[in-house]
$ cat query-v1.cif   # mmCIF, C-alpha atoms
data_protein
loop_
_atom_site.label_atom_id
_atom_site.label_comp_id
_atom_site.auth_asym_id
_atom_site.auth_seq_id
_atom_site.Cartn_x
_atom_site.Cartn_y
_atom_site.Cartn_z
CA MET A 1362 13.70 82.59 104.18
CA THR A 1363 11.56 80.31 102.01
CA ASP A 1364 7.98 79.15 102.01
CA GLN A 1365 8.96 75.61 101.13
CA PRO A 1366 8.51 73.05 103.92
CA PRO A 1367 11.63 71.47 105.37
CA PRO A 1368 12.79 68.31 103.60
CA PRO A 1369 11.67 65.11 105.17
CA THR A 1370 14.07 63.21 107.30
CA PRO A 1371 15.66 60.44 105.23
CA PRO A 1372 14.77 57.02 106.40
CA SER A 1373 17.33 55.13 108.28
CA GLY A 1374 19.00 52.28 106.51
CA PRO A 1375 18.92 48.75 107.73
CA GLY A 1376 20.97 48.33 110.85
CA GLU A 1377 21.41 52.09 111.37
CA PRO A 1378 19.91 53.84 114.37
CA GLY A 1379 17.38 56.45 113.64
CA PRO A 1380 17.02 59.85 115.27
CA SER A 1381 14.36 58.54 117.61
CA ASP A 1382 16.25 55.38 118.56
CA PRO A 1383 17.82 55.18 122.03
CA THR A 1384 21.28 56.68 122.25
CA VAL A 1385 24.03 54.16 121.93
CA SER A 1386 26.79 54.56 124.51
CA TYR A 1387 30.16 53.77 123.04
CA GLY A 1388 32.84 52.59 125.36
CA SER A 1389 30.48 51.46 128.12
CA SER A 1390 30.84 48.02 129.49
CA GLY A 1391 28.23 45.46 130.30
CA PRO A 1392 27.64 43.77 133.59
CA ALA A 1393 30.71 41.60 133.15
CA GLY A 1394 32.90 44.52 132.16
CA ASP A 1395 32.92 43.51 128.47
CA MET A 1396 32.42 46.03 125.71
CA PRO A 1397 29.53 45.46 123.25
CA SER A 1398 30.75 43.27 120.44
CA GLU A 1399 28.92 45.17 117.71
CA VAL A 1400 27.39 48.61 117.50
CA ARG A 1401 26.98 49.32 113.83
CA PRO A 1402 28.10 47.67 110.63
CA GLY A 1403 31.52 48.71 109.38
CA VAL A 1404 32.56 50.15 112.75
CA PRO A 1405 35.15 48.17 114.72
CA PRO A 1406 33.99 46.99 118.10
CA ALA A 1407 34.60 49.46 120.89
CA GLY A 1408 37.16 48.51 123.47
CA PRO A 1409 39.25 50.02 126.19
CA PRO A 1410 41.94 52.48 125.08
CA PRO A 1411 45.53 51.26 124.96
CA GLY A 1412 47.01 51.03 128.39
CA TRP A 1413 43.65 50.78 130.15
CA ASP A 1414 43.52 48.01 132.71
CA PRO A 1415 39.90 47.06 133.61
CA ALA A 1416 41.10 44.93 136.50
CA GLN A 1417 42.75 47.92 138.15
CA GLY A 1418 40.11 50.38 137.06
CA GLY A 1419 42.79 52.72 135.67
CA TRP A 1420 45.81 53.01 133.46
CA GLY A 1421 48.26 50.16 133.52
CA PRO A 1422 52.00 50.31 133.01
CA PRO A 1423 53.20 51.86 129.73
CA PRO A 1424 54.04 49.51 126.90
CA PRO A 1425 57.68 48.40 126.56
CA GLY A 1426 59.96 50.99 124.99
CA TRP A 1427 57.61 53.88 125.68
CA THR A 1428 59.34 57.08 126.84
CA PHE A 1429 58.46 60.73 127.19
CA PRO A 1430 59.54 62.91 125.59
CA PRO A 1431 59.96 60.64 122.56
CA THR A 1432 63.59 60.35 121.61
CA GLY A 1433 63.15 59.34 118.01
CA GLY A 1434 60.33 61.68 117.05
CA TYR A 1435 56.62 61.09 117.00
CA PRO A 1436 55.53 57.72 115.58
CA PRO A 1437 54.50 57.61 111.93
CA GLY A 1438 50.86 58.33 111.36
CA PRO A 1439 48.38 59.12 108.63
CA GLY A 1440 48.14 62.49 107.04
CA PRO A 1441 50.30 64.58 104.76
CA TYR A 1442 52.91 65.40 107.45
CA GLY A 1443 53.65 61.93 108.79
CA ALA A 1444 55.99 61.59 111.73
CA GLN A 1445 57.35 64.84 113.17
CA PRO A 1446 60.60 65.23 115.15
CA TRP A 1447 60.50 66.03 118.82
CA TYR A 1448 61.66 69.48 119.93
CA PRO A 1449 62.14 69.34 123.71
CA GLY A 1450 63.33 72.95 124.03
CA GLN A 1451 66.27 74.21 126.04
CA PRO A 1452 67.12 72.67 129.42
CA VAL A 1453 66.10 74.26 132.68
CA GLY A 1454 68.42 77.12 133.66
CA TRP A 1455 69.41 77.90 130.08
CA TYR A 1456 69.66 81.52 129.02
CA PRO A 1457 70.28 82.84 125.50
CA PRO A 1458 73.94 83.67 124.76
CA GLY A 1459 74.72 87.30 125.40
CA TYR A 1460 71.69 87.84 127.60
CA GLY A 1461 74.01 88.67 130.48
CA PHE A 1462 72.49 86.64 133.27
CA ASP A 1463 73.37 83.09 134.21
CA PRO A 1464 72.87 81.64 137.72
CA ASN A 1465 75.72 79.21 137.01
CA ASP A 1466 78.22 81.86 135.92
CA PRO A 1467 81.66 80.94 137.33
CA LEU A 1468 82.62 84.52 138.22
CA VAL A 1469 79.46 86.64 138.61
CA THR A 1470 77.44 85.90 141.74
CA PRO A 1471 73.76 86.29 140.75
CA ARG A 1472 71.33 88.25 142.83
CA GLY A 1473 69.99 86.24 145.72
CA ALA A 1474 72.87 83.73 145.81
CA GLY A 1475 74.11 85.21 149.08
CA LEU A 1476 77.38 84.65 150.83
CA ALA A 1477 77.52 80.98 149.84
CA GLY A 1478 77.50 81.91 146.16
CA TRP A 1479 80.23 84.49 146.75
CA PHE A 1480 82.44 81.95 148.56
CA ALA A 1481 81.81 79.38 145.83
CA ARG A 1482 83.01 81.74 143.11
CA CYS A 1483 86.06 82.80 145.11
CA GLY A 1484 86.98 79.16 145.62
CA GLY A 1485 86.38 78.38 141.96
CA ALA A 1486 88.66 81.23 140.86
CA LEU A 1487 91.41 79.92 143.15
CA ARG A 1488 91.02 76.31 141.93
CA ARG A 1489 91.14 77.32 138.30
CA GLY A 1490 94.06 79.75 138.48
CA TRP A 1491 96.30 78.88 141.40
CA ARG A 1492 99.03 77.59 139.06
CA GLN A 1493 99.30 81.05 137.51
CA LEU A 1494 98.25 83.19 140.47
CA VAL A 1495 100.72 81.77 143.00
CA PRO A 1496 103.90 82.51 140.97
CA LEU A 1497 102.39 85.81 139.87
CA MET A 1498 101.79 86.92 143.45
CA LEU A 1499 105.20 85.65 144.55
CA LEU A 1500 106.89 87.64 141.79
CA THR A 1501 104.92 90.90 142.06
CA GLN A 1502 103.82 91.02 145.71
CA VAL A 1503 105.97 88.83 147.96
CA LEU A 1504 109.40 89.38 146.40
CA PRO A 1505 109.24 93.22 146.22
CA ALA A 1506 108.00 93.42 149.81
CA ALA A 1507 110.81 91.12 151.00
CA VAL A 1508 113.46 93.14 149.15
CA LEU A 1509 112.18 96.38 150.63
CA SER A 1510 112.23 94.86 154.13
CA VAL A 1511 115.85 93.73 153.70
CA ILE A 1512 116.90 97.21 152.48
CA ALA A 1513 115.06 98.88 155.35
CA LEU A 1514 116.75 96.54 157.81
CA GLY A 1515 120.14 97.36 156.34
CA ILE A 1516 119.75 101.15 156.68
CA ASP A 1517 117.87 101.06 159.97
CA PRO A 1518 119.78 103.55 162.16
CA THR A 1519 118.29 102.53 165.51
CA ALA A 1520 121.21 100.24 166.40
CA LYS A 1521 123.69 103.08 165.78
CA TRP A 1522 121.54 105.50 167.73
CA ASP A 1523 121.40 103.11 170.67
CA ALA A 1524 125.18 102.78 170.64
CA GLN A 1525 125.67 106.56 170.61
CA ILE A 1526 123.16 107.08 173.39
CA GLY A 1527 124.88 104.38 175.46
CA ALA A 1528 128.25 106.04 175.00
CA ASP A 1529 126.91 109.53 175.78
CA PRO A 1530 124.02 109.34 178.26
CA THR A 1531 123.28 113.06 178.01
CA PRO A 1532 119.70 113.71 176.82
CA ALA A 1533 120.54 114.80 173.28
CA LEU A 1534 119.81 113.45 169.85
CA PRO A 1535 122.61 111.65 168.01
CA ASP A 1536 124.71 113.81 165.73
CA THR A 1537 123.58 111.99 162.61
CA PHE A 1538 119.92 111.85 163.58
CA ALA A 1539 118.63 114.19 160.86
CA ALA A 1540 120.67 112.61 158.04
CA ASP A 1541 119.80 109.08 159.12
CA LEU A 1542 116.11 109.90 159.40
CA ALA A 1543 116.07 111.60 156.00
CA GLY A 1544 117.78 108.62 154.39
CA LEU A 1545 115.31 106.23 156.03
CA LEU A 1546 112.32 108.27 154.81
CA VAL A 1547 113.68 108.48 151.27
CA VAL A 1548 114.18 104.72 151.12
CA ALA A 1549 110.80 104.01 152.71
CA ILE A 1550 108.82 106.38 150.48
CA GLY A 1551 110.75 105.73 147.28
CA GLY A 1552 110.80 101.99 147.87
CA SER A 1553 107.08 101.96 148.61
CA LEU A 1554 106.35 103.79 145.35
CA LEU A 1555 108.41 101.31 143.33
CA VAL A 1556 106.88 98.35 145.13
CA GLY A 1557 103.42 99.79 144.49
CA LEU A 1558 104.16 99.97 140.76
CA VAL A 1559 105.29 96.35 140.67
CA GLN A 1560 102.27 95.32 142.70
CA ALA A 1561 99.99 97.13 140.23
CA VAL A 1562 101.41 94.85 137.53
CA GLY A 1563 100.40 91.87 139.64
CA TRP A 1564 96.89 93.13 140.38
CA ALA A 1565 96.17 93.81 136.70
CA ALA A 1566 97.71 90.53 135.55
CA GLY A 1567 95.91 88.53 138.23
CA SER A 1568 92.56 90.09 137.32
CA TRP A 1569 93.17 89.15 133.69
CA VAL A 1570 94.00 85.54 134.61
CA ILE A 1571 90.89 85.11 136.78
CA THR A 1572 88.56 86.60 134.17
CA GLN A 1573 90.05 84.74 131.23
CA GLN A 1574 89.91 81.37 132.94
CA ALA A 1575 86.34 81.96 134.13
CA SER A 1576 85.34 82.61 130.52
CA GLY A 1577 86.93 79.35 129.41
CA GLN A 1578 90.02 80.90 127.81
CA PRO A 1579 93.61 80.01 128.70
CA GLY A 1580 95.29 82.47 131.04
CA SER A 1581 99.02 81.95 130.55
CA LEU A 1582 101.49 83.66 132.84
CA ASP A 1583 103.52 85.42 130.14
CA VAL A 1584 100.45 86.94 128.46
CA ALA A 1585 99.14 87.98 131.88
CA LEU A 1586 102.38 89.79 132.70
CA ARG A 1587 102.31 91.63 129.38
CA TYR A 1588 98.76 92.73 130.09
CA GLY A 1589 99.75 93.80 133.61
CA LEU A 1590 102.63 95.89 132.32
CA ARG A 1591 100.31 97.60 129.86
CA ARG A 1592 97.76 98.57 132.52
CA ALA A 1593 100.02 98.99 135.55
CA LEU A 1594 100.84 102.68 135.22
CA GLY A 1595 97.23 103.86 135.23
CA LEU A 1596 96.28 101.49 138.04
CA TRP A 1597 99.31 102.61 140.04
CA GLY A 1598 98.34 106.28 139.67
CA TRP A 1599 94.79 105.70 140.89
CA THR A 1600 96.10 103.56 143.74
CA LEU A 1601 98.39 106.39 144.87
CA LEU A 1602 95.49 108.84 144.85
CA ILE A 1603 93.29 106.44 146.78
CA SER A 1604 96.06 105.87 149.33
CA VAL A 1605 96.45 109.62 149.85
CA ILE A 1606 92.68 110.05 150.35
CA ALA A 1607 92.50 107.16 152.82
CA GLY A 1608 95.64 108.41 154.59
CA ILE A 1609 94.08 111.84 155.09
CA GLY A 1610 91.04 110.12 156.55
CA PHE A 1611 93.19 108.18 159.02
CA CYS A 1612 95.02 111.37 159.98
CA CYS A 1613 91.71 113.07 160.76
CA CYS A 1614 90.41 110.12 162.72
CA VAL A 1615 90.39 106.35 162.49
CA LEU A 1616 86.74 105.99 161.49
CA PRO A 1617 86.93 108.31 158.46
CA GLY A 1618 89.96 106.38 157.27
CA ILE A 1619 88.15 103.07 157.61
CA TYR A 1620 85.11 104.46 155.82
CA LEU A 1621 87.19 105.76 152.92
CA THR A 1622 89.09 102.48 152.66
CA PHE A 1623 85.86 100.52 152.31
CA ALA A 1624 84.18 103.06 150.03
CA LEU A 1625 87.16 103.08 147.65
CA SER A 1626 87.72 99.31 147.65
CA MET A 1627 86.13 98.88 144.19
CA ALA A 1628 88.16 101.63 142.51
CA GLY A 1629 90.88 99.28 141.22
CA PRO A 1630 88.50 96.83 139.48
CA VAL A 1631 86.43 99.74 138.18
CA TYR A 1632 89.50 101.21 136.50
CA LEU A 1633 90.52 97.89 134.96
CA PHE A 1634 87.08 97.01 133.61
CA GLU A 1635 85.38 100.36 133.00
CA ARG A 1636 88.38 102.72 132.59
CA HIS A 1637 86.64 105.86 133.83
CA ASN A 1638 85.68 107.53 137.11
CA PRO A 1639 86.87 104.76 139.45
CA ILE A 1640 86.51 106.85 142.61
CA GLY A 1641 82.97 108.03 141.90
CA ARG A 1642 81.83 104.60 140.74
CA SER A 1643 83.31 102.94 143.82
CA PHE A 1644 81.51 105.39 146.13
CA ARG A 1645 78.24 104.79 144.26
CA MET A 1646 78.54 101.00 144.53
CA PHE A 1647 79.32 101.26 148.23
CA HIS A 1648 76.31 103.45 149.04
CA ASP A 1649 73.84 101.70 146.71
CA ARG A 1650 74.42 98.29 148.33
CA LEU A 1651 76.01 99.22 151.63
CA GLY A 1652 75.35 96.02 153.58
CA LEU A 1653 76.33 93.65 150.79
CA LEU A 1654 79.59 95.35 149.86
CA LEU A 1655 80.49 96.11 153.46
CA GLY A 1656 80.15 92.46 154.40
CA ARG A 1657 82.21 91.16 151.48
CA VAL A 1658 85.01 93.70 151.87
CA ALA A 1659 85.06 93.18 155.64
CA LEU A 1660 85.76 89.47 155.12
CA VAL A 1661 88.60 90.30 152.73
CA ALA A 1662 90.01 92.92 155.11
CA LEU A 1663 89.81 90.51 158.05
CA ALA A 1664 91.80 87.87 156.18
CA VAL A 1665 94.42 90.43 155.10
CA VAL A 1666 94.80 91.98 158.56
CA VAL A 1667 95.07 88.64 160.37
CA VAL A 1668 97.70 87.28 157.98
CA ASN A 1669 99.73 90.51 158.00
CA VAL A 1670 99.70 90.77 161.79
CA VAL A 1671 100.89 87.19 162.17
CA THR A 1672 103.67 87.58 159.59
CA ASN A 1673 104.84 90.92 161.03
CA VAL A 1674 105.02 89.47 164.52
CA LEU A 1675 107.00 86.47 163.25
CA GLU A 1676 109.36 88.67 161.25
CA GLY A 1677 109.97 91.02 164.18
CA ALA A 1678 110.60 88.17 166.60
CA GLY A 1679 112.94 86.42 164.18
CA THR A 1680 115.07 89.44 163.33
CA THR A 1681 115.24 90.53 166.97
CA ALA A 1682 116.46 87.11 168.02
CA ILE A 1683 119.30 87.36 165.51
CA GLY A 1684 120.51 90.71 166.88
CA THR A 1685 119.99 94.45 166.75
CA ASP A 1686 122.17 94.80 163.64
CA PRO A 1687 122.03 91.40 161.91
CA LEU A 1688 123.58 92.50 158.60
CA THR A 1689 127.00 93.20 160.15
CA SER A 1690 128.17 89.60 159.69
CA PRO A 1691 127.51 87.09 156.88
CA GLY A 1692 126.00 84.47 159.17
CA THR A 1693 123.44 86.73 160.79
CA ALA A 1694 122.74 88.42 157.46
CA VAL A 1695 121.81 85.12 155.82
CA ALA A 1696 119.62 84.25 158.78
CA ALA A 1697 117.88 87.64 158.68
CA VAL A 1698 117.23 87.39 154.92
CA ALA A 1699 115.87 83.88 155.39
CA VAL A 1700 113.49 85.03 158.13
CA ILE A 1701 112.25 87.94 156.03
CA GLY A 1702 111.79 85.72 152.96
CA VAL A 1703 109.84 83.05 154.83
CA THR A 1704 107.55 85.50 156.59
CA ALA A 1705 106.94 87.38 153.32
CA ALA A 1706 105.98 84.10 151.65
CA LEU A 1707 103.57 83.37 154.50
CA ALA A 1708 101.68 86.51 153.49
CA LEU A 1709 100.78 84.95 150.13
CA PRO A 1710 97.24 83.96 151.26
CA ALA A 1711 96.52 87.60 152.08
CA HIS A 1712 97.46 88.71 148.57
CA LEU A 1713 95.34 85.98 146.98
CA ALA A 1714 92.37 86.76 149.22
CA GLN A 1715 92.56 90.46 148.40
CA LEU A 1716 92.84 89.93 144.65
CA ILE A 1717 90.14 87.27 144.29
CA GLY A 1718 87.76 88.62 146.92
CA LEU A 1719 87.65 92.16 145.57
CA LEU A 1720 87.32 91.02 141.96
CA VAL A 1721 84.42 88.64 142.71
CA THR A 1722 82.78 91.35 144.81
CA TYR A 1723 83.03 93.80 141.92
CA ALA A 1724 81.45 91.28 139.53
CA GLU A 1725 78.59 90.78 142.00
CA GLN A 1726 78.02 94.52 142.24
CA ARG A 1727 77.81 94.76 138.47
CA ALA A 1728 75.18 92.01 138.44
CA HIS A 1729 73.02 94.09 140.80
CA GLU A 1730 73.17 97.04 138.41
CA ALA A 1731 72.40 95.27 135.11
CA PRO A 1732 72.63 91.80 133.57
CA VAL A 1733 76.29 90.87 133.13
CA ASN A 1734 78.27 87.68 132.77
CA THR A 1735 81.88 86.58 132.55
CA ALA A 1736 82.01 86.95 128.77
CA VAL A 1737 81.02 90.62 129.05
CA LEU A 1738 83.62 91.25 131.77
CA ALA A 1739 86.34 89.53 129.76
CA ALA A 1740 85.51 91.71 126.75
CA GLU A 1741 85.63 94.85 128.91
CA LEU A 1742 88.97 93.88 130.43
CA GLY A 1743 90.54 93.58 126.99
#

$ encode --input "query-v1.cif" --output "structure tokens"
Amino acid sequence: MTDQPPPPTPPSGPGEPGPSDPTVSYGSSGPAGDMPSEVRPGVPPAGPPPGWDPAQGGWGPPPPGWTFPPTGGYPPGPGPYGAQPWYPGQPVGWYPPGYGFDPNDPLVTPRGAGLAGWFARCGGALRRGWRQLVPLMLLTQVLPAAVLSVIALGIDPTAKWDAQIGADPTPALPDTFAADLAGLLVVAIGGSLLVGLVQAVGWAAGSWVITQQASGQPGSLDVALRYGLRRALGLWGWTLLISVIAGIGFCCCVLPGIYLTFALSMAGPVYLFERHNPIGRSFRMFHDRLGLLLGRVALVALAVVVVNVVTNVLEGAGTTAIGTDPLTSPGTAVAAVAVIGVTAALALPAHLAQLIGLLVTYAEQRAHEAPVNTAVLAAELG
């Protein structure tokens, strides 16, 4: 605070408006729409801003070459910084690497994508890998099943039993019934175990091919087979245990068997990717997202059942038409082997649907638990 009076207001210079002069409106137009030609000395005359069209009462078209965002950086201007480059940021839908969530992931169906997203990723896996998956499934799924069918047809004792019963109509079992039945069971059980081991090689190798190709890496057939051989034994053991559990359920009643089959459907992928507690993890996935997993696995099961029923009917009709014991002569034997081979090859779509459908379903379940992408799954698979 001071007792001195305030300084007097300095007088206005010539041509300058004083504090008591009327306010000058800059940028206002006169009656004819023209801007005042002069407001104060040294100040350029006011005019409309660039791009302003008085005739339209608004902004006119941008000047030639004008774009947004600027592609060559901001135009040069005064000041110590001058022109600055343009940083448009990342495109829409971009996520930082390693974040684990990408709506455009080729293998992991994101939450909310629905059945259409699941089908799209199944189709993409087939388009990318059919050149490797088809020979892989033919070698590890179709061929072992066809060989086992030919062996079973060769030792099938029903034709001999029918001949003995026709010769001796007394109601008694054939003399060799016990030995023939034991031999048939040994071949069926032992052959199924060996076929299951070979099929485990195919499931592991096919999972590796699908995951590698989805991550942008080459998935060659020879490397896939080596990976399948390395992981087949463990996968085969868990598959046997799961088959026993589901078989007990079917022996108790049909519905418990169906429930156990669906609840344990994720055990194979869980073992390949996570390597621990496949049965418990599969049950947890099934119960945490019952409707989603039930729908996906039901589609896979429907495709497998329909294809297998059709091929079994065709194989039975073809071998029956050849004769009750077609392997007794070379001609009928060749025909029977050809029928079995063709019908086994027709089951190829079922093997592909089971492999791809269950793997894509597992990836979707993982996305519902935590952010995950194909790169993470490929690293887990090894």

$ residues_near_point --input "query-v1.cif" --point "(91.9, 74.8, 136.7)" --cutoff "12 Å" --atoms "all atoms listed in the file" --output "list of chain:residue names"
A:Pro1467, A:Gly1484, A:Gly1485, A:Ala1486, A:Leu1487, A:Arg1488, A:Arg1489, A:Gly1490, A:Trp1491, A:Arg1492, A:Gln1493, A:Leu1494, A:Val1570, A:Ile1571, A:Gln1573, A:Gln1574, A:Ala1575, A:Ser1576, A:Gly1577, A:Gln1578, A:Pro1579, A:Gly1580, A:Ser1581

$ atom_distance --input "query-v1.cif" --atom1 "atom CA of Leu1621 of chain A" --atom2 "atom CA of Ile1609 of chain A"
9.4 Å

$ resolve_selection --input "query-v1.cif" --expression "the PyMOL selection byres ((chain A and resi 1633) around 8)" --output "NGL selection string"
:A and (1565 or 1592 or 1596 or 1629-1632 or 1634-1636 or 1742)

$ atom_distance --input "query-v1.cif" --atom1 "atom CA of Thr1685 of chain A" --atom2 "atom CA of Val1511 of chain A"
13.7 Å

$ closest_residue --input "query-v1.cif" --among "A:Val1695, A:Ala1714, A:Gly1652, A:Ala1682" --to "Val1666 of chain A" --atoms "only C-alpha atoms"
A:Ala1714

$ closest_residue --input "query-v1.cif" --among "A:Leu1586, A:Val1698, A:Leu1546, A:Val1661" --to "Leu1716 of chain A" --atoms "all atoms listed in the file"
A:Val1661

$ resolve_selection --input "query-v1.cif" --expression "the PyMOL selection byres ((chain A and resi 1480) around 12)" --output "ChimeraX atom specification"
/A:1467-1470,1474-1479,1481-1487,1657,1660-1661,1714,1717-1719,1721-1722,1725

$ resolve_selection --input "query-v1.cif" --expression "the PyMOL selection byres ((chain A and resi 1709) around 9)" --output "PyMOL selection string"
chain A and resi 1495+1498-1499+1502-1503+1668+1705-1708+1710-1714

$ atom_distance --input "query-v1.cif" --atom1 "atom CA of Thr1681 of chain A" --atom2 "atom CA of Ala1697 of chain A"
9.2 Å

$ closest_residue --input "query-v1.cif" --among "A:Leu1542, A:Val1658, A:Ala1624, A:Ala1740" --to "Ile1606 of chain A" --atoms "all atoms listed in the file"
A:Ala1624

$ residues_around --input "query-v1.cif" --residues "Val1548 of chain A" --least-positions-apart "6" --cutoff "10 Å" --atoms "only C-alpha atoms" --output "list in words"
Leu1509, Ile1512, Ala1513, Ile1516, Leu1542 and Leu1554 of chain A

$ closest_residue --input "query-v1.cif" --among "A:Ser1510, A:Pro1496, A:Ala1566, A:Cys1613" --to "Arg1591 of chain A" --atoms "only C-alpha atoms"
A:Ala1566

$ residues_around --input "query-v1.cif" --residues "Leu1675 of chain A" --least-positions-apart "5" --cutoff "9 Å" --atoms "all atoms listed in the file" --output "list in words"
Val1670, Thr1680, Val1700 and Thr1704 of chain A

$ closest_residue --input "query-v1.cif" --among "A:Pro1471, A:Pro1687, A:Pro1617, A:Pro1505" --to "Val1556 of chain A" --atoms "all atoms listed in the file"
A:Pro1505

$ residues_around --input "query-v1.cif" --residues "Phe1647 of chain A" --least-positions-apart "3" --cutoff "10 Å" --atoms "all atoms listed in the file" --output "list in words"
Phe1623, Ala1624, Leu1625, Ser1626, Met1627, Gly1641, Arg1642, Ser1643, Phe1644, Arg1650, Leu1651, Gly1652, Leu1653, Leu1654, Leu1655 and Gln1726 of chain A

$ residues_around --input "query-v1.cif" --residues "Leu1594 of chain A" --least-positions-apart "6" --cutoff "10 Å" --atoms "only C-alpha atoms" --output "VMD selection string"
chain A and resid 1558 to 1559 1561 to 1562 1600

$ decode --input "query-v1.cif" --residues "segment 1489-1495 of chain A" --atoms "all heavy atoms" --output "short mmCIF file (atom, residue, chain, number, x, y, z; two decimals), in the first residue's frame"
data_model
loop_
_atom_site.label_atom_id
_atom_site.label_comp_id
_atom_site.auth_asym_id
_atom_site.auth_seq_id
_atom_site.Cartn_x
_atom_site.Cartn_y
_atom_site.Cartn_z
N ARG A 1489 -4.43 -72.57 -44.17
CA ARG A 1489 -2.99 -72.40 -44.03
C ARG A 1489 -2.24 -73.73 -44.03
O ARG A 1489 -1.13 -73.80 -44.55
CB ARG A 1489 -2.67 -71.65 -42.73
CG ARG A 1489 -3.02 -70.18 -42.73
CD ARG A 1489 -2.48 -69.51 -41.48
NE ARG A 1489 -3.05 -70.11 -40.27
CZ ARG A 1489 -4.14 -69.67 -39.66
NH1 ARG A 1489 -4.80 -68.63 -40.16
NH2 ARG A 1489 -4.59 -70.26 -38.57
N GLY A 1490 -2.81 -74.77 -43.44
CA GLY A 1490 -2.03 -75.98 -43.19
C GLY A 1490 -2.49 -77.24 -43.87
O GLY A 1490 -1.99 -78.31 -43.52
N TRP A 1491 -3.40 -77.16 -44.84
CA TRP A 1491 -3.92 -78.40 -45.40
C TRP A 1491 -2.84 -79.19 -46.13
O TRP A 1491 -2.89 -80.42 -46.19
CB TRP A 1491 -5.09 -78.13 -46.34
CG TRP A 1491 -4.73 -77.41 -47.61
CD1 TRP A 1491 -4.71 -76.07 -47.84
CD2 TRP A 1491 -4.33 -78.02 -48.85
NE1 TRP A 1491 -4.32 -75.80 -49.12
CE2 TRP A 1491 -4.09 -76.98 -49.77
CE3 TRP A 1491 -4.16 -79.34 -49.27
CZ2 TRP A 1491 -3.69 -77.22 -51.08
CZ3 TRP A 1491 -3.76 -79.59 -50.57
CH2 TRP A 1491 -3.54 -78.53 -51.46
N ARG A 1492 -1.83 -78.51 -46.67
CA ARG A 1492 -0.77 -79.24 -47.37
C ARG A 1492 0.04 -80.11 -46.42
O ARG A 1492 0.60 -81.14 -46.84
CB ARG A 1492 0.16 -78.24 -48.07
CG ARG A 1492 -0.48 -77.51 -49.24
CD ARG A 1492 0.47 -76.51 -49.85
NE ARG A 1492 -0.13 -75.81 -50.97
CZ ARG A 1492 -0.91 -74.74 -50.86
NH1 ARG A 1492 -1.16 -74.24 -49.65
NH2 ARG A 1492 -1.43 -74.16 -51.92
N GLN A 1493 0.15 -79.72 -45.17
CA GLN A 1493 0.84 -80.55 -44.18
C GLN A 1493 -0.12 -81.44 -43.41
O GLN A 1493 0.23 -82.57 -43.06
CB GLN A 1493 1.62 -79.67 -43.19
CG GLN A 1493 2.80 -78.92 -43.77
CD GLN A 1493 2.39 -77.66 -44.54
OE1 GLN A 1493 1.33 -77.11 -44.30
NE2 GLN A 1493 3.25 -77.23 -45.44
N LEU A 1494 -1.32 -80.94 -43.14
CA LEU A 1494 -2.24 -81.69 -42.30
C LEU A 1494 -2.82 -82.90 -43.03
O LEU A 1494 -3.03 -83.95 -42.40
CB LEU A 1494 -3.38 -80.77 -41.82
CG LEU A 1494 -2.98 -79.63 -40.89
CD1 LEU A 1494 -4.18 -78.76 -40.55
CD2 LEU A 1494 -2.36 -80.19 -39.62
N VAL A 1495 -3.10 -82.77 -44.31
CA VAL A 1495 -3.70 -83.90 -45.03
C VAL A 1495 -2.76 -85.10 -45.07
O VAL A 1495 -3.15 -86.22 -44.68
CB VAL A 1495 -4.13 -83.46 -46.45
CG1 VAL A 1495 -4.48 -84.67 -47.31
CG2 VAL A 1495 -5.33 -82.51 -46.38
#
